[in-house]
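Peer 1: Here it is, the structure, as structure tokens.
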Amino acid sequence: MAKKRVFVSFDFDNDRALKDFIIGQSRNPESPFEVVDTSLKEAAPLKTWEEKARAAIKRSAIVIVMVGSNTYRAPGVQKEVKMAREEGVPIVQVIGYRDGNYTPVSDAGRLYDWNWDNLKKLLG
């Protein structure tokens with residue numbers, strides 16, 4: 001069975017580890033998804049970043065927003081959610097940490113706990 005292509009949106013300033021964790025999980029042979037990793041390794045001109053992000057989102061079956069405590073305020077995440085909406089790509093939000101109160105990113109759907117059952121249901 002082909003794996004779903006996933007674009008991962010996350011708070012670059014605070015939650016880069018979450019992106020690494022979800023990429024690691026995607027490498028599990030039983031994983032129903034693969035990650036389209038477009039994260040920039042360094043600061044880039046805004047226009048270039050936006051073009052690359054939009055192209056990657058268009059190639060994806062779904063966008064996963066990895067939610068940390070400040071993700072709802074991250075301008076890059078907000079732009080990626082807007083791009084996904086404009087491109088008609090579905091979005092899900094996954095809580096990245098076990099403890100804490102998390103505010104969903106506006107217009108990105110409901111929050112889900114991060115576990116295998118939810119990922120298989122959402123991405124399978």
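Residues are referred to by chain and number: the chain letter is A, B, ... according to the order shown in the structure tokens, the number counts from 1 in that chain, and ligands are numbered separately from 1 in the order shown.
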Using only C-alpha atoms, which protein or nucleic acid residues come within 12 Å of Gly109 (chain A)? Drop anything in the same chain fewer than 5 positions from it, and give the result as a compact mmCIF listing (two decimals) with N, CA, C and O atoms, in the first residue's frame.

Peer 2:
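Ended up saving to part-v8.txt:
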```
# COMPACT_ATOMS: atom_id res chain seq x y z
N VAL A 63 -1.72 17.94 5.54
CA VAL A 63 -0.78 18.73 6.35
C VAL A 63 -1.01 18.36 7.80
O VAL A 63 -2.14 18.35 8.28
N ILE A 64 0.08 18.02 8.50
CA ILE A 64 0.01 17.80 9.94
C ILE A 64 0.64 19.01 10.61
O ILE A 64 1.79 19.35 10.33
N VAL A 65 -0.12 19.64 11.50
CA VAL A 65 0.43 20.71 12.32
C VAL A 65 0.83 20.07 13.64
O VAL A 65 0.00 19.53 14.37
N VAL A 67 1.70 20.52 17.22
CA VAL A 67 1.33 21.60 18.13
C VAL A 67 2.13 21.56 19.43
O VAL A 67 2.11 20.56 20.15
N VAL A 81 -0.92 26.97 7.05
CA VAL A 81 -2.32 26.58 7.18
C VAL A 81 -3.15 27.31 6.12
O VAL A 81 -3.99 26.70 5.45
N ALA A 84 -2.51 25.72 2.76
CA ALA A 84 -3.19 24.43 2.65
C ALA A 84 -4.68 24.64 2.37
O ALA A 84 -5.25 23.94 1.52
N ARG A 85 -5.30 25.57 3.05
CA ARG A 85 -6.71 25.87 2.80
C ARG A 85 -6.91 26.34 1.35
O ARG A 85 -7.83 25.90 0.67
N PRO A 90 -6.22 18.84 3.07
CA PRO A 90 -6.72 18.69 4.43
C PRO A 90 -5.63 18.92 5.47
O PRO A 90 -4.44 18.70 5.22
N ILE A 91 -6.07 19.35 6.66
CA ILE A 91 -5.15 19.66 7.76
C ILE A 91 -5.62 18.95 9.02
O ILE A 91 -6.82 18.93 9.31
N VAL A 92 -4.66 18.39 9.76
CA VAL A 92 -4.94 17.87 11.10
C VAL A 92 -3.90 18.46 12.05
O VAL A 92 -2.79 18.79 11.63
N GLN A 93 -4.29 18.59 13.31
CA GLN A 93 -3.38 19.09 14.33
C GLN A 93 -3.11 17.98 15.33
O GLN A 93 -4.04 17.35 15.81
N VAL A 94 -1.83 17.78 15.63
CA VAL A 94 -1.43 16.73 16.55
C VAL A 94 -0.66 17.37 17.70
O VAL A 94 0.29 18.13 17.47
N THR A 103 -3.30 25.41 22.61
CA THR A 103 -4.28 26.18 21.86
C THR A 103 -4.19 25.76 20.40
O THR A 103 -3.09 25.78 19.83
N PRO A 104 -5.31 25.37 19.80
CA PRO A 104 -5.26 24.98 18.39
C PRO A 104 -4.91 26.18 17.50
O PRO A 104 -5.23 27.32 17.83
```

Peer 1: DSSP on the backbone, alpha helix (DSSP H) only: what residues of chain A does that give? Format it as a VMD selection string.

Peer 2: chain A and resid 16 to 26 46 to 58 75 to 87 116 to 123

Peer 1: For Met83 (chain A), work out the shell of residues within 12 Å, counting only C-alpha atoms and skipping chain neighbours fewer than 5 positions away, then give it as a count of residues only.

Peer 2: 23

Peer 1: One decimal, in Å: what's the spacing between CA of Lys82 (chain A) and CA of Leu111 (chain A)?

Peer 2: 17.1 Å

Peer 1: Among the residues of chain A, find those DSSP assigns to strand (DSSP E or B) from the backbone and print them as a compact mmCIF listing (two decimals) with N, CA and C atoms, in the first residue's frame.

Peer 2:
```txt
# COMPACT_ATOMS: atom_id res chain seq x y z
N LYS A 4 0.84 7.80 2.42
CA LYS A 4 0.38 9.16 2.18
C LYS A 4 1.54 10.13 2.36
N ARG A 5 1.61 11.09 1.45
CA ARG A 5 2.62 12.14 1.57
C ARG A 5 2.11 13.22 2.50
N VAL A 6 2.91 13.56 3.51
CA VAL A 6 2.52 14.49 4.55
C VAL A 6 3.47 15.68 4.59
N PHE A 7 2.90 16.86 4.69
CA PHE A 7 3.67 18.07 4.94
C PHE A 7 3.54 18.36 6.43
N VAL A 8 4.66 18.57 7.11
CA VAL A 8 4.65 18.84 8.55
C VAL A 8 4.88 20.33 8.79
N SER A 9 3.92 20.94 9.47
CA SER A 9 4.03 22.33 9.86
C SER A 9 4.30 22.37 11.36
N PHE A 33 2.38 6.74 6.42
CA PHE A 33 2.70 8.03 5.79
C PHE A 33 4.20 8.22 5.62
N GLU A 34 4.55 9.14 4.71
CA GLU A 34 5.93 9.60 4.53
C GLU A 34 5.92 11.11 4.59
N VAL A 35 6.97 11.70 5.09
CA VAL A 35 7.03 13.14 5.29
C VAL A 35 7.74 13.80 4.12
N VAL A 36 7.10 14.86 3.62
CA VAL A 36 7.73 15.73 2.63
C VAL A 36 8.47 16.78 3.45
N ILE A 62 -1.91 15.55 2.86
CA ILE A 62 -2.42 16.13 4.09
C ILE A 62 -1.32 16.95 4.76
N VAL A 63 -1.72 17.94 5.54
CA VAL A 63 -0.78 18.73 6.35
C VAL A 63 -1.01 18.36 7.80
N ILE A 64 0.08 18.02 8.50
CA ILE A 64 0.01 17.80 9.94
C ILE A 64 0.64 19.01 10.61
N VAL A 65 -0.12 19.64 11.50
CA VAL A 65 0.43 20.71 12.32
C VAL A 65 0.83 20.07 13.64
N MET A 66 2.13 20.11 13.93
CA MET A 66 2.65 19.58 15.19
C MET A 66 2.54 20.71 16.22
N VAL A 67 1.70 20.52 17.22
CA VAL A 67 1.33 21.60 18.13
C VAL A 67 2.13 21.56 19.43
N ILE A 91 -6.07 19.35 6.66
CA ILE A 91 -5.15 19.66 7.76
C ILE A 91 -5.62 18.95 9.02
N VAL A 92 -4.66 18.39 9.76
CA VAL A 92 -4.94 17.87 11.10
C VAL A 92 -3.90 18.46 12.05
N GLN A 93 -4.29 18.59 13.31
CA GLN A 93 -3.38 19.09 14.33
C GLN A 93 -3.11 17.98 15.33
N VAL A 94 -1.83 17.78 15.63
CA VAL A 94 -1.43 16.73 16.55
C VAL A 94 -0.66 17.37 17.70
N ILE A 95 -1.09 17.08 18.92
CA ILE A 95 -0.42 17.61 20.10
C ILE A 95 0.95 16.95 20.23
N LEU A 111 -7.75 19.31 17.51
CA LEU A 111 -6.51 18.75 18.04
C LEU A 111 -6.68 17.25 18.30
N TYR A 112 -5.66 16.48 17.97
CA TYR A 112 -5.64 15.05 18.25
C TYR A 112 -4.42 14.72 19.11
N ASP A 113 -4.57 13.73 19.98
CA ASP A 113 -3.41 13.23 20.71
C ASP A 113 -2.49 12.51 19.73
```

Peer 1: Work out how far CA of Pro32 (chain A) is from CA of Lys121 (chain A), in Å to one decimal.

Peer 2: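 Separating CA of Lys121 (chain A) from CA of Pro32 (chain A) is a distance of 9.3 Å.
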
Peer 1: Please, what distance in Å, to one decimal, runs between CA of Phe12 (chain A) and CA of Lys79 (chain A)?

Peer 2: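 Computed distance, CA of Phe12 (chain A) to CA of Lys79 (chain A), equals 12.7 Å.
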
Peer 1: Using only C-alpha atoms, which protein or nucleic acid residues come within 12 Å of Asn14 (chain A)? Drop anything in the same chain fewer than 6 positions from it, and give the result as a PyMOL selection string.

Peer 2: chain A and resi 66-74+77+96

Peer 1: Counting only C-alpha atoms, what is within 9 Å of Lys120 (chain A), bar same-chain residues fewer than 3 positions away, as a ChimeraX atom specification?

Peer 2: /A:31-33,115-117,123-124
